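K.L.:
One file: upload-v5.pdb (PDB, C-alpha atoms).
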```pdb
ATOM      1  CA  MET L 514      95.416 120.240  14.520
ATOM      2  CA  PRO L 515      95.837 123.352  16.664
ATOM      3  CA  ARG L 516      99.264 124.038  18.103
ATOM      4  CA  VAL L 517      99.276 123.610  21.866
ATOM      5  CA  SER L 518     101.793 125.297  24.147
ATOM      6  CA  PHE L 519     102.946 123.109  27.022
ATOM      7  CA  ARG L 520     105.841 125.070  28.465
ATOM      8  CA  ALA L 521     103.595 127.787  29.930
ATOM      9  CA  VAL L 522     101.415 125.352  31.888
ATOM     10  CA  PRO L 523     102.223 125.535  35.598
ATOM     11  CA  ALA L 524     103.136 122.411  37.535
ATOM     12  CA  PRO L 525     100.506 121.157  39.997
ATOM     13  CA  ASN L 526     100.642 122.837  43.396
ATOM     14  CA  ARG L 527      98.834 121.105  46.267
ATOM     15  CA  VAL L 528      97.876 123.333  49.198
ATOM     16  CA  VAL L 529      96.551 121.476  52.242
ATOM     17  CA  PHE L 530      95.178 123.014  55.441
ATOM     18  CA  LYS L 531      92.818 122.283  58.318
ATOM     19  CA  VAL L 532      89.770 124.445  58.882
ATOM     20  CA  GLY L 533      90.281 126.486  62.024
ATOM     21  CA  LYS L 534      87.732 127.910  64.414
ATOM     22  CA  GLU L 535      87.862 131.275  62.652
ATOM     23  CA  ASP L 536      86.834 129.712  59.288
ATOM     24  CA  ALA L 537      84.239 127.246  60.544
ATOM     25  CA  GLY L 538      80.787 128.127  59.197
ATOM     26  CA  ARG L 539      82.126 130.189  56.274
ATOM     27  CA  ARG L 540      81.523 129.333  52.623
ATOM     28  CA  LEU L 541      84.158 127.039  51.152
ATOM     29  CA  ASP L 542      85.062 129.489  48.360
ATOM     30  CA  GLN L 543      85.668 132.197  50.968
ATOM     31  CA  VAL L 544      87.866 129.904  53.037
ATOM     32  CA  LEU L 545      89.893 128.888  49.979
ATOM     33  CA  ALA L 546      90.458 132.495  48.939
ATOM     34  CA  ALA L 547      91.625 133.315  52.465
ATOM     35  CA  ARG L 548      93.896 130.310  52.948
ATOM     36  CA  VAL L 549      95.410 129.629  49.496
ATOM     37  CA  PRO L 550      98.073 132.212  48.557
ATOM     38  CA  GLY L 551      97.304 134.094  45.353
ATOM     39  CA  LEU L 552      93.869 132.534  44.874
ATOM     40  CA  SER L 553      90.997 134.981  44.444
ATOM     41  CA  ARG L 554      87.452 134.094  45.404
ATOM     42  CA  ARG L 555      86.462 133.938  41.731
ATOM     43  CA  GLN L 556      89.337 131.545  41.030
ATOM     44  CA  ALA L 557      88.341 129.518  44.079
ATOM     45  CA  ARG L 558      84.850 129.057  42.607
ATOM     46  CA  VAL L 559      86.331 127.966  39.276
ATOM     47  CA  LEU L 560      88.676 125.538  41.028
ATOM     48  CA  LEU L 561      85.714 124.025  42.853
ATOM     49  CA  ASP L 562      83.695 123.869  39.636
ATOM     50  CA  ILE L 563      86.364 121.911  37.743
ATOM     51  CA  GLY L 564      86.925 119.501  40.627
ATOM     52  CA  GLY L 565      90.253 120.646  42.053
ATOM     53  CA  VAL L 566      89.183 120.771  45.724
ATOM     54  CA  PHE L 567      88.982 117.902  48.220
ATOM     55  CA  VAL L 568      87.547 117.950  51.746
ATOM     56  CA  ASP L 569      88.591 115.022  53.938
ATOM     57  CA  GLY L 570      89.598 113.159  50.777
ATOM     58  CA  ARG L 571      86.308 113.710  48.881
ATOM     59  CA  ARG L 572      86.098 115.871  45.776
ATOM     60  CA  ILE L 573      83.782 118.811  46.548
ATOM     61  CA  LYS L 574      82.324 121.198  43.966
ATOM     62  CA  VAL L 575      79.812 123.269  45.958
ATOM     63  CA  ALA L 576      81.179 126.777  46.572
ATOM     64  CA  GLY L 577      78.508 127.546  49.146
ATOM     65  CA  ARG L 578      79.193 124.469  51.270
ATOM     66  CA  LEU L 579      79.974 125.565  54.826
ATOM     67  CA  ALA L 580      83.365 124.595  56.170
ATOM     68  CA  ARG L 581      83.525 122.629  59.404
ATOM     69  CA  LYS L 582      86.204 122.889  62.054
ATOM     70  CA  ASP L 583      89.099 120.421  61.698
ATOM     71  CA  GLU L 584      88.166 119.339  58.167
ATOM     72  CA  GLU L 585      91.200 118.867  55.931
ATOM     73  CA  VAL L 586      90.958 120.851  52.715
ATOM     74  CA  ALA L 587      93.237 120.172  49.731
ATOM     75  CA  ALA L 588      93.341 122.590  46.795
ATOM     76  CA  VAL L 589      95.176 121.317  43.701
ATOM     77  CA  LEU L 590      96.168 124.146  41.381
ATOM     78  CA  GLY L 591      97.951 123.844  38.066
ATOM     79  CA  GLY L 592      97.384 123.445  34.361
ATOM     80  CA  ALA L 593      93.708 122.535  34.662
ATOM     81  CA  LEU L 594      92.886 125.826  36.354
ATOM     82  CA  ALA L 595      95.024 127.749  33.879
ATOM     83  CA  ARG L 596      93.221 126.131  30.923
ATOM     84  CA  ALA L 597      89.690 126.447  32.336
ATOM     85  CA  THR L 598      87.245 129.163  31.325
ATOM     86  CA  GLN L 599      87.331 131.568  34.247
ATOM     87  CA  ARG L 600      83.610 131.328  34.980
ATOM     88  CA  THR L 601      81.481 128.731  36.729
ATOM     89  CA  GLY L 602      78.436 126.797  35.656
ATOM     90  CA  ARG L 603      77.350 124.472  32.879
ATOM     91  CA  ASP L 604      77.942 126.976  30.072
ATOM     92  CA  ALA L 605      81.524 127.614  31.179
ATOM     93  CA  ARG L 606      82.339 123.909  31.392
ATOM     94  CA  SER L 607      80.694 123.351  27.998
ATOM     95  CA  GLU L 608      82.966 126.063  26.644
ATOM     96  CA  ASP L 609      85.927 124.168  28.099
ATOM     97  CA  ASP L 610      84.724 121.026  26.325
ATOM     98  CA  ARG L 611      84.643 122.877  23.004
ATOM     99  CA  LYS L 612      88.282 123.893  23.500
ATOM    100  CA  LEU L 613      89.447 120.284  23.654
ATOM    101  CA  PRO L 614      91.494 119.123  20.661
ATOM    102  CA  PRO L 615      89.552 116.664  18.491
ATOM    103  CA  TYR L 616      90.188 112.953  18.868
ATOM    104  CA  ALA L 617      89.485 110.006  16.562
ATOM    105  CA  ILE L 618      87.651 106.855  17.632
ATOM    106  CA  VAL L 619      89.491 103.961  15.990
ATOM    107  CA  PHE L 620      87.293 101.119  17.251
ATOM    108  CA  GLU L 621      84.223 100.799  19.459
ATOM    109  CA  ASP L 622      81.763  98.115  20.481
ATOM    110  CA  ASP L 623      79.684  97.399  23.591
ATOM    111  CA  ASP L 624      82.793  96.555  25.662
ATOM    112  CA  ILE L 625      85.686  98.830  24.691
ATOM    113  CA  VAL L 626      86.581 101.993  22.837
ATOM    114  CA  VAL L 627      89.997 102.633  21.258
ATOM    115  CA  VAL L 628      90.926 106.259  20.652
ATOM    116  CA  ASP L 629      93.747 107.994  18.802
ATOM    117  CA  LYS L 630      94.478 110.720  21.364
ATOM    118  CA  PRO L 631      95.865 114.072  20.197
ATOM    119  CA  PRO L 632      98.512 115.971  22.180
ATOM    120  CA  GLY L 633      97.154 118.511  24.632
ATOM    121  CA  LEU L 634      94.360 116.253  25.880
ATOM    122  CA  LEU L 635      94.573 114.485  29.235
ATOM    123  CA  THR L 636      93.685 110.804  29.176
ATOM    124  CA  ALA L 637      91.798 110.745  32.475
ATOM    125  CA  PRO L 638      90.768 112.792  35.513
ATOM    126  CA  THR L 639      93.534 114.087  37.764
ATOM    127  CA  PRO L 640      93.510 115.657  41.227
ATOM    128  CA  GLU L 641      93.464 119.039  39.444
ATOM    129  CA  SER L 642      90.170 118.363  37.677
ATOM    130  CA  ASP L 643      87.691 115.650  36.744
ATOM    131  CA  ARG L 644      86.672 117.559  33.601
ATOM    132  CA  ASN L 645      88.285 118.321  30.233
ATOM    133  CA  ASN L 646      89.890 114.935  29.715
ATOM    134  CA  LEU L 647      89.385 112.130  27.210
ATOM    135  CA  ALA L 648      87.588 109.746  29.568
ATOM    136  CA  ASP L 649      85.149 112.466  30.618
ATOM    137  CA  SER L 650      84.562 113.510  27.009
ATOM    138  CA  LEU L 651      83.801 109.922  25.991
ATOM    139  CA  ALA L 652      81.398 109.511  28.900
ATOM    140  CA  ARG L 653      79.534 112.721  28.039
ATOM    141  CA  ARG L 654      78.667 111.551  24.534
ATOM    142  CA  ALA L 655      75.613 109.985  26.159
ATOM    143  CA  ASN L 656      72.902 111.793  28.118
ATOM    144  CA  PRO L 657      73.113 111.021  30.959
ATOM    145  CA  PRO L 658      76.859 110.257  30.793
ATOM    146  CA  ALA L 659      77.713 106.577  30.327
ATOM    147  CA  PRO L 660      80.430 104.832  32.384
ATOM    148  CA  ILE L 661      83.952 104.908  30.942
ATOM    149  CA  TYR L 662      86.734 103.020  32.742
ATOM    150  CA  VAL L 663      90.384 104.048  32.444
ATOM    151  CA  VAL L 664      92.624 101.061  31.702
ATOM    152  CA  HIS L 665      95.905 102.885  31.021
ATOM    153  CA  ARG L 666      97.082 106.429  30.341
ATOM    154  CA  ILE L 667      99.408 108.319  28.062
ATOM    155  CA  ASP L 668     100.887 111.705  28.908
ATOM    156  CA  LEU L 669      99.285 115.049  28.096
ATOM    157  CA  GLU L 670     101.922 115.844  25.455
ATOM    158  CA  THR L 671     101.998 112.334  23.999
ATOM    159  CA  SER L 672      99.703 111.393  21.128
ATOM    160  CA  GLY L 673      98.446 108.009  20.024
ATOM    161  CA  LEU L 674      96.409 104.947  20.844
ATOM    162  CA  VAL L 675      94.687 104.307  24.157
ATOM    163  CA  VAL L 676      91.904 101.875  25.122
ATOM    164  CA  PHE L 677      89.041 102.371  27.593
ATOM    165  CA  ALA L 678      86.550  99.860  28.967
ATOM    166  CA  LYS L 679      82.803 100.464  28.845
ATOM    167  CA  THR L 680      81.628  97.810  31.311
ATOM    168  CA  PRO L 681      82.823  96.637  34.743
ATOM    169  CA  ASP L 682      83.600  93.174  33.345
ATOM    170  CA  ALA L 683      85.671  94.569  30.489
ATOM    171  CA  ASN L 684      87.476  96.857  32.905
ATOM    172  CA  ARG L 685      88.372  93.988  35.248
ATOM    173  CA  GLU L 686      89.651  91.818  32.410
ATOM    174  CA  LEU L 687      91.656  94.529  30.652
ATOM    175  CA  SER L 688      93.091  95.846  33.916
ATOM    176  CA  LYS L 689      94.273  92.328  34.812
ATOM    177  CA  ARG L 690      95.902  91.898  31.420
ATOM    178  CA  PHE L 691      97.536  95.294  31.730
ATOM    179  CA  ARG L 692      98.976  94.335  35.140
ATOM    180  CA  ASP L 693     100.186  91.049  33.619
ATOM    181  CA  HIS L 694     101.807  93.011  30.738
ATOM    182  CA  ASP L 695      99.524  91.193  28.284
ATOM    183  CA  PHE L 696      99.252  94.229  26.002
ATOM    184  CA  GLU L 697     101.305  95.074  22.923
ATOM    185  CA  ARG L 698     102.279  98.758  23.002
ATOM    186  CA  MET L 699     104.720 100.418  20.637
ATOM    187  CA  TYR L 700     105.789 104.075  20.632
ATOM    188  CA  LEU L 701     107.726 106.136  18.109
ATOM    189  CA  ALA L 702     110.151 108.612  19.626
ATOM    190  CA  VAL L 703     112.626 111.081  18.156
ATOM    191  CA  VAL L 704     115.540 111.290  20.566
ATOM    192  CA  ALA L 705     118.418 113.700  20.888
ATOM    193  CA  GLY L 706     121.759 112.172  19.945
ATOM    194  CA  HIS L 707     123.030 108.939  18.431
ATOM    195  CA  PHE L 708     121.092 106.151  20.100
ATOM    196  CA  PRO L 709     123.597 103.339  20.809
ATOM    197  CA  ASP L 710     123.625 100.539  18.231
ATOM    198  CA  ASP L 711     124.238  97.908  20.881
ATOM    199  CA  VAL L 712     121.300  98.834  23.143
ATOM    200  CA  ARG L 713     118.224  96.802  22.320
ATOM    201  CA  VAL L 714     116.719  96.289  25.790
ATOM    202  CA  ILE L 715     116.695  98.796  28.643
ATOM    203  CA  ASP L 716     116.033  97.047  31.957
ATOM    204  CA  ARG L 717     116.243  99.738  34.617
ATOM    205  CA  PRO L 718     113.841 100.385  37.501
ATOM    206  CA  VAL L 719     111.434 103.310  37.386
ATOM    207  CA  GLY L 720     110.023 104.478  40.686
ATOM    208  CA  GLY L 721     111.594 101.509  42.433
ATOM    209  CA  ARG L 722     109.836  98.979  40.195
ATOM    210  CA  ARG L 723     111.241  96.857  37.375
ATOM    211  CA  ALA L 724     110.822  98.556  34.001
ATOM    212  CA  VAL L 725     111.742  97.050  30.633
ATOM    213  CA  THR L 726     111.742  98.825  27.260
ATOM    214  CA  HIS L 727     112.676  97.100  23.988
ATOM    215  CA  VAL L 728     114.181  99.511  21.447
ATOM    216  CA  GLU L 729     114.573  99.327  17.667
ATOM    217  CA  ILE L 730     116.416 102.024  15.707
ATOM    218  CA  ARG L 731     114.164 103.129  12.857
ATOM    219  CA  GLU L 732     116.117 106.007  11.314
ATOM    220  CA  ARG L 733     119.300 108.008  11.803
ATOM    221  CA  LEU L 734     118.391 111.665  11.367
ATOM    222  CA  GLY L 735     120.313 114.823  10.608
ATOM    223  CA  GLY L 736     121.777 116.847  13.436
ATOM    224  CA  GLY L 737     122.559 113.706  15.404
ATOM    225  CA  ALA L 738     118.961 112.758  16.240
ATOM    226  CA  THR L 739     117.528 109.237  16.048
ATOM    227  CA  MET L 740     114.035 107.880  15.495
ATOM    228  CA  VAL L 741     113.409 104.790  17.610
ATOM    229  CA  ALA L 742     110.508 102.410  18.155
ATOM    230  CA  CYS L 743     110.003 101.518  21.818
ATOM    231  CA  ARG L 744     108.014  98.454  22.835
ATOM    232  CA  LEU L 745     106.906  98.414  26.445
ATOM    233  CA  GLU L 746     107.251  95.160  28.336
ATOM    234  CA  THR L 747     106.184  96.977  31.508
ATOM    235  CA  GLY L 748     104.164 100.165  31.821
ATOM    236  CA  ARG L 749     105.622 102.506  34.425
ATOM    237  CA  THR L 750     104.855 106.217  34.540
ATOM    238  CA  HIS L 751     107.133 108.108  32.091
ATOM    239  CA  GLN L 752     108.992 104.852  31.422
ATOM    240  CA  ILE L 753     110.131 105.634  27.866
ATOM    241  CA  ARG L 754     111.033 109.219  28.723
ATOM    242  CA  ILE L 755     113.113 108.144  31.723
ATOM    243  CA  HIS L 756     114.813 105.269  29.912
ATOM    244  CA  MET L 757     115.731 107.401  26.907
ATOM    245  CA  ALA L 758     117.199 110.067  29.193
ATOM    246  CA  GLU L 759     119.161 107.483  31.197
ATOM    247  CA  VAL L 760     120.768 106.182  28.006
ATOM    248  CA  GLY L 761     121.813 109.765  27.219
ATOM    249  CA  THR L 762     119.380 110.302  24.334
ATOM    250  CA  PRO L 763     116.282 112.007  25.808
ATOM    251  CA  VAL L 764     113.082 112.422  23.833
ATOM    252  CA  ILE L 765     113.261 115.725  21.951
ATOM    253  CA  GLY L 766     110.827 118.256  23.369
ATOM    254  CA  ASP L 767     110.658 116.570  26.775
ATOM    255  CA  GLY L 768     110.652 119.529  29.140
ATOM    256  CA  ARG L 769     111.130 117.354  32.228
ATOM    257  CA  TYR L 770     113.828 114.834  31.346
ATOM    258  CA  GLY L 771     115.255 116.311  28.156
ATOM    259  CA  ARG L 772     117.350 119.246  27.018
ATOM    260  CA  PRO L 773     116.872 122.120  24.556
ATOM    261  CA  TRP L 774     116.969 121.121  20.891
ATOM    262  CA  SER L 775     116.944 123.126  17.701
ATOM    263  CA  PRO L 776     114.816 123.093  15.670
ATOM    264  CA  ALA L 777     112.365 122.585  18.526
ATOM    265  CA  PRO L 778     109.384 120.297  17.856
ATOM    266  CA  PRO L 779     105.811 121.572  18.303
ATOM    267  CA  ARG L 780     105.641 119.339  21.423
ATOM    268  CA  MET L 781     107.294 116.242  22.829
ATOM    269  CA  ALA L 782     108.264 113.894  19.988
ATOM    270  CA  LEU L 783     106.567 110.775  21.356
ATOM    271  CA  HIS L 784     103.652 108.921  19.772
ATOM    272  CA  ALA L 785     101.841 105.687  20.733
ATOM    273  CA  THR L 786     101.868 104.106  17.287
ATOM    274  CA  MET L 787     100.611 100.544  17.929
ATOM    275  CA  LEU L 788      98.247  98.877  20.385
ATOM    276  CA  GLY L 789      97.513  95.164  20.509
ATOM    277  CA  LEU L 790      95.176  93.383  22.907
ATOM    278  CA  THR L 791      92.821  90.462  23.331
ATOM    279  CA  HIS L 792      89.162  91.454  23.370
ATOM    280  CA  PRO L 793      87.955  91.123  26.979
ATOM    281  CA  ARG L 794      84.727  89.292  26.090
ATOM    282  CA  THR L 795      85.171  87.558  22.721
ATOM    283  CA  GLY L 796      88.850  86.670  23.028
ATOM    284  CA  ALA L 797      89.544  88.019  19.542
ATOM    285  CA  THR L 798      93.029  89.356  18.850
ATOM    286  CA  LEU L 799      92.880  93.081  18.076
ATOM    287  CA  SER L 800      95.666  95.242  16.700
ATOM    288  CA  PHE L 801      95.583  98.951  15.861
ATOM    289  CA  GLU L 802      98.148 101.263  14.294
ATOM    290  CA  SER L 803      98.470 105.040  14.154
ATOM    291  CA  PRO L 804     101.085 106.726  11.948
ATOM    292  CA  LEU L 805     103.193 109.640  13.120
ATOM    293  CA  PRO L 806     100.704 112.548  13.346
ATOM    294  CA  PRO L 807     100.910 115.640  11.101
ATOM    295  CA  ASP L 808     102.452 117.962  13.703
ATOM    296  CA  LEU L 809     105.500 115.732  14.249
ATOM    297  CA  ALA L 810     105.688 114.547  10.628
ATOM    298  CA  GLY L 811     105.601 118.170   9.452
ATOM    299  CA  TRP L 812     108.319 119.112  11.928
ATOM    300  CA  LEU L 813     110.555 116.346  10.576
ATOM    301  CA  THR L 814     110.023 117.099   6.889
ATOM    302  CA  GLY L 815     110.293 120.859   7.392
ATOM    303  CA  THR L 816     113.709 120.708   9.061
ATOM    304  CA  GLU L 817     117.159 119.288   8.496
ATOM    305  CA  LEU L 818     116.319 116.210  10.554
ATOM    306  CA  ARG L 819     115.178 114.167   7.556
ATOM    307  CA  LYS L 820     118.644 114.452   6.068
ATOM    308  CA  THR L 821     120.262 111.214   7.197
ATOM    309  CA  ALA L 822     123.334 111.719   9.321
ATOM    310  CA  THR L 823     126.645 110.818   7.739
TER     311      THR L 823
END
```
Take the structure in this file and express it as structure tokens.
P.N.:
Amino acid sequence: MPRVSFRAVPAPNRVVFKVGKEDAGRRLDQVLAARVPGLSRRQARVLLDIGGVFVDGRRIKVAGRLARKDEEVAAVLGGALARATQRTGRDARSEDDRKLPPYAIVFEDDDIVVVDKPPGLLTAPTPESDRNNLADSLARRANPPAPIYVVHRIDLETSGLVVFAKTPDANRELSKRFRDHDFERMYLAVVAGHFPDDVRVIDRPVGGRRAVTHVEIRERLGGGATMVACRLETGRTHQIRIHMAEVGTPVIGDGRYGRPWSPAPPRMALHATMLGLTHPRTGATLSFESPLPPDLAGWLTGTELRKTAT
């Protein structure tokens, strides 16, 4: 698996403006280059091509579209633009697709597809781009692309199991079960510090909503680190990362909520190791497991961390 650098990826930057009289009737790529600081016209065309531009709330990809007075234009710049081939057209976007880290399909039938996602691959489209993500890649296996519905997401740096729906009915059923917390999801995390022995449930709000994480200590590691298994009762954005940091033992390699750690992992030490669900059509109970991937396993065995703390 190729090593992916995450620290150099810029955070998303949303630039919003209204088209004035002086820009009305000009090409959209020209207007973007004039109104977005630091954005060249070539970069504006790439940003349009990857889907990072919205006009009055609609994603627009046509560089030659003429701007109209009082339209609201939103340009979303960040990691997607930095990762994209700096050309436009089908060949350039195909080149982007070839850069994607490989993923493994664990299970697939007419209703769902379960994938073991590698780090460095987005789960789904974002405001920055509707290309170069797992959902888009799955859809483009067919010609023309077949519908793929996003049921839940895991972070760019996180690896592991994720399920997608392939039909509207499957999407409705799985989305309902996800909202009702009727999924079994377990993550492995290596956290900085001695995770408290007496903490087994973390019930603290995330984003103003109730969030519950059940924690099991799997291994005490050298250097004061701990490997824990985290079972999600709820599924809030960054829930495990926030809860681990609030306890005082952030996930190692977490550039947002964590702290520097040596030896540094190849990326954030978080992996979705188990996924359990009821099949949306047949009602069968399905359970899938994914072991700690080679990049994190190699990091552990190649350092002092595997020496149990005394």
K.L.:
What would the selection look like, as a ChimeraX atom specification, if the PyMOL selection byres ((chain L and resi 809) around 9) were run on the coordinates I just shared?
P.N.:
/L:778-784,805-808,810-814
K.L.:
Mind telling me what the PyMOL selection byres ((chain L and resi 677) around 8) catches here, as a list of chain:residue names?
P.N.:
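So the PyMOL selection byres ((chain L and resi 677) around 8), applied here, picks out L:Ile625, L:Val626, L:Val627, L:Ala648, L:Ile661, L:Tyr662, L:Val663, L:Val664, L:His665, L:Val675, L:Val676, L:Ala678, L:Lys679, L:Asn684.
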K.L.:
Report the distance between atom CA of Gly577 of chain L and atom CA of Leu561 of chain L in Å, rounded to one decimal place.
P.N.:
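Answer for the atom CA of Gly577 of chain L to atom CA of Leu561 of chain L separation: 10.2 Å.
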K.L.:
For the provided coordinates, the residues matched by the PyMOL selection byres ((chain L and resi 717-727) around 8) should be stated as a PyMOL selection string.
P.N.:
chain L and resi 713-716+728-729+743-750+752-753+755-756
K.L.:
If you keep C-alpha atoms, can you produce a file of those selected residues as a compact mmCIF listing (two decimals), keeping the file's coordinate frame?
P.N.:
```txt
# COMPACT_ATOMS: atom_id res chain seq x y z
CA ARG L 713 118.22 96.80 22.32
CA VAL L 714 116.72 96.29 25.79
CA ILE L 715 116.70 98.80 28.64
CA ASP L 716 116.03 97.05 31.96
CA VAL L 728 114.18 99.51 21.45
CA GLU L 729 114.57 99.33 17.67
CA CYS L 743 110.00 101.52 21.82
CA ARG L 744 108.01 98.45 22.84
CA LEU L 745 106.91 98.41 26.44
CA GLU L 746 107.25 95.16 28.34
CA THR L 747 106.18 96.98 31.51
CA GLY L 748 104.16 100.16 31.82
CA ARG L 749 105.62 102.51 34.42
CA THR L 750 104.86 106.22 34.54
CA GLN L 752 108.99 104.85 31.42
CA ILE L 753 110.13 105.63 27.87
CA ILE L 755 113.11 108.14 31.72
CA HIS L 756 114.81 105.27 29.91
```
K.L.:
Would you please work out which residue, of L:Thr636, L:Thr795, L:Ser688, L:Ser642, is nearest to Gly564 of chain L when using only C-alpha atoms?
P.N.:
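Smallest separation from Gly564 of chain L among the options: L:Ser642.
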K.L.:
When you count only C-alpha atoms, which of these residues is closest to Leu634 of chain L: L:Glu802, L:Glu686, L:Asp668, L:Asp542?
P.N.:
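Result for the nearest residue to Leu634 of chain L: L:Asp668.
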K.L.:
List as a list in words the protein and nucleic acid residues near Gly768 of chain L, meaning an atom at most 8 Å away when all atoms listed in the file are counted, but skip any in the same chain fewer than 2 places from it.
P.N.:
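Residues near the query, excluding close chain neighbours: Arg520, Gly766, Tyr770, Gly771, Arg772 and Met781 of chain L.
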K.L.:
Pull C-alpha atoms for segment 716-775 of chain L from the block and write them as a PDB file, in the first residue's frame.
P.N.:
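In the end it all went to result.pdb:
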```pdb
ATOM      1  CA  ASP L 716     -21.242   9.437  26.958  1.00  0.00           C
ATOM      2  CA  ARG L 717     -20.417  12.990  25.931  1.00  0.00           C
ATOM      3  CA  PRO L 718     -22.137  15.135  23.295  1.00  0.00           C
ATOM      4  CA  VAL L 719     -20.483  15.770  19.945  1.00  0.00           C
ATOM      5  CA  GLY L 720     -21.701  18.760  17.990  1.00  0.00           C
ATOM      6  CA  GLY L 721     -24.495  19.284  20.490  1.00  0.00           C
ATOM      7  CA  ARG L 722     -25.886  15.772  20.007  1.00  0.00           C
ATOM      8  CA  ARG L 723     -25.680  12.753  22.303  1.00  0.00           C
ATOM      9  CA  ALA L 724     -22.700  10.551  21.458  1.00  0.00           C
ATOM     10  CA  VAL L 725     -21.866   7.224  23.100  1.00  0.00           C
ATOM     11  CA  THR L 726     -18.697   5.165  22.609  1.00  0.00           C
ATOM     12  CA  HIS L 727     -18.083   1.823  24.345  1.00  0.00           C
ATOM     13  CA  VAL L 728     -14.379   1.145  24.935  1.00  0.00           C
ATOM     14  CA  GLU L 729     -12.439  -2.061  25.598  1.00  0.00           C
ATOM     15  CA  ILE L 730      -8.705  -2.026  26.350  1.00  0.00           C
ATOM     16  CA  ARG L 731      -7.031  -4.518  24.024  1.00  0.00           C
ATOM     17  CA  GLU L 732      -3.336  -4.018  24.781  1.00  0.00           C
ATOM     18  CA  ARG L 733      -1.019  -1.878  26.886  1.00  0.00           C
ATOM     19  CA  LEU L 734       1.843  -0.803  24.643  1.00  0.00           C
ATOM     20  CA  GLY L 735       5.345   0.485  25.213  1.00  0.00           C
ATOM     21  CA  GLY L 736       5.936   4.193  25.588  1.00  0.00           C
ATOM     22  CA  GLY L 737       2.649   4.627  27.419  1.00  0.00           C
ATOM     23  CA  ALA L 738       0.355   3.993  24.438  1.00  0.00           C
ATOM     24  CA  THR L 739      -2.791   1.853  24.517  1.00  0.00           C
ATOM     25  CA  MET L 740      -4.656  -0.125  21.879  1.00  0.00           C
ATOM     26  CA  VAL L 741      -8.411   0.102  22.388  1.00  0.00           C
ATOM     27  CA  ALA L 742     -11.480  -1.259  20.628  1.00  0.00           C
ATOM     28  CA  CYS L 743     -14.252   1.324  20.290  1.00  0.00           C
ATOM     29  CA  ARG L 744     -17.833   0.281  19.606  1.00  0.00           C
ATOM     30  CA  LEU L 745     -20.082   3.058  18.384  1.00  0.00           C
ATOM     31  CA  GLU L 746     -23.554   3.264  19.862  1.00  0.00           C
ATOM     32  CA  THR L 747     -24.082   6.530  17.975  1.00  0.00           C
ATOM     33  CA  GLY L 748     -22.323   7.746  14.850  1.00  0.00           C
ATOM     34  CA  ARG L 749     -21.365  11.407  15.109  1.00  0.00           C
ATOM     35  CA  THR L 750     -18.701  13.013  12.941  1.00  0.00           C
ATOM     36  CA  HIS L 751     -15.221  12.370  14.439  1.00  0.00           C
ATOM     37  CA  GLN L 752     -16.899  10.778  17.465  1.00  0.00           C
ATOM     38  CA  ILE L 753     -14.078   8.396  18.420  1.00  0.00           C
ATOM     39  CA  ARG L 754     -11.389  10.998  17.787  1.00  0.00           C
ATOM     40  CA  ILE L 755     -13.169  13.588  19.935  1.00  0.00           C
ATOM     41  CA  HIS L 756     -13.998  11.156  22.735  1.00  0.00           C
ATOM     42  CA  MET L 757     -10.454   9.807  22.924  1.00  0.00           C
ATOM     43  CA  ALA L 758      -9.068  13.348  23.084  1.00  0.00           C
ATOM     44  CA  GLU L 759     -11.569  14.367  25.777  1.00  0.00           C
ATOM     45  CA  VAL L 760     -10.454  11.459  27.958  1.00  0.00           C
ATOM     46  CA  GLY L 761      -6.868  12.696  27.558  1.00  0.00           C
ATOM     47  CA  THR L 762      -5.685   9.869  25.291  1.00  0.00           C
ATOM     48  CA  PRO L 763      -6.042  11.122  21.688  1.00  0.00           C
ATOM     49  CA  VAL L 764      -5.664   8.820  18.710  1.00  0.00           C
ATOM     50  CA  ILE L 765      -1.996   8.777  17.693  1.00  0.00           C
ATOM     51  CA  GLY L 766      -1.463  10.529  14.378  1.00  0.00           C
ATOM     52  CA  ASP L 767      -4.631  12.614  14.676  1.00  0.00           C
ATOM     53  CA  GLY L 768      -3.503  15.984  13.364  1.00  0.00           C
ATOM     54  CA  ARG L 769      -6.697  17.739  14.467  1.00  0.00           C
ATOM     55  CA  TYR L 770      -7.421  16.514  17.987  1.00  0.00           C
ATOM     56  CA  GLY L 771      -4.146  14.835  18.912  1.00  0.00           C
ATOM     57  CA  ARG L 772      -0.573  15.742  19.751  1.00  0.00           C
ATOM     58  CA  PRO L 773       2.853  14.842  18.335  1.00  0.00           C
ATOM     59  CA  TRP L 774       3.992  11.286  19.041  1.00  0.00           C
ATOM     60  CA  SER L 775       7.242   9.482  18.426  1.00  0.00           C
TER      61      SER L 775
END
```
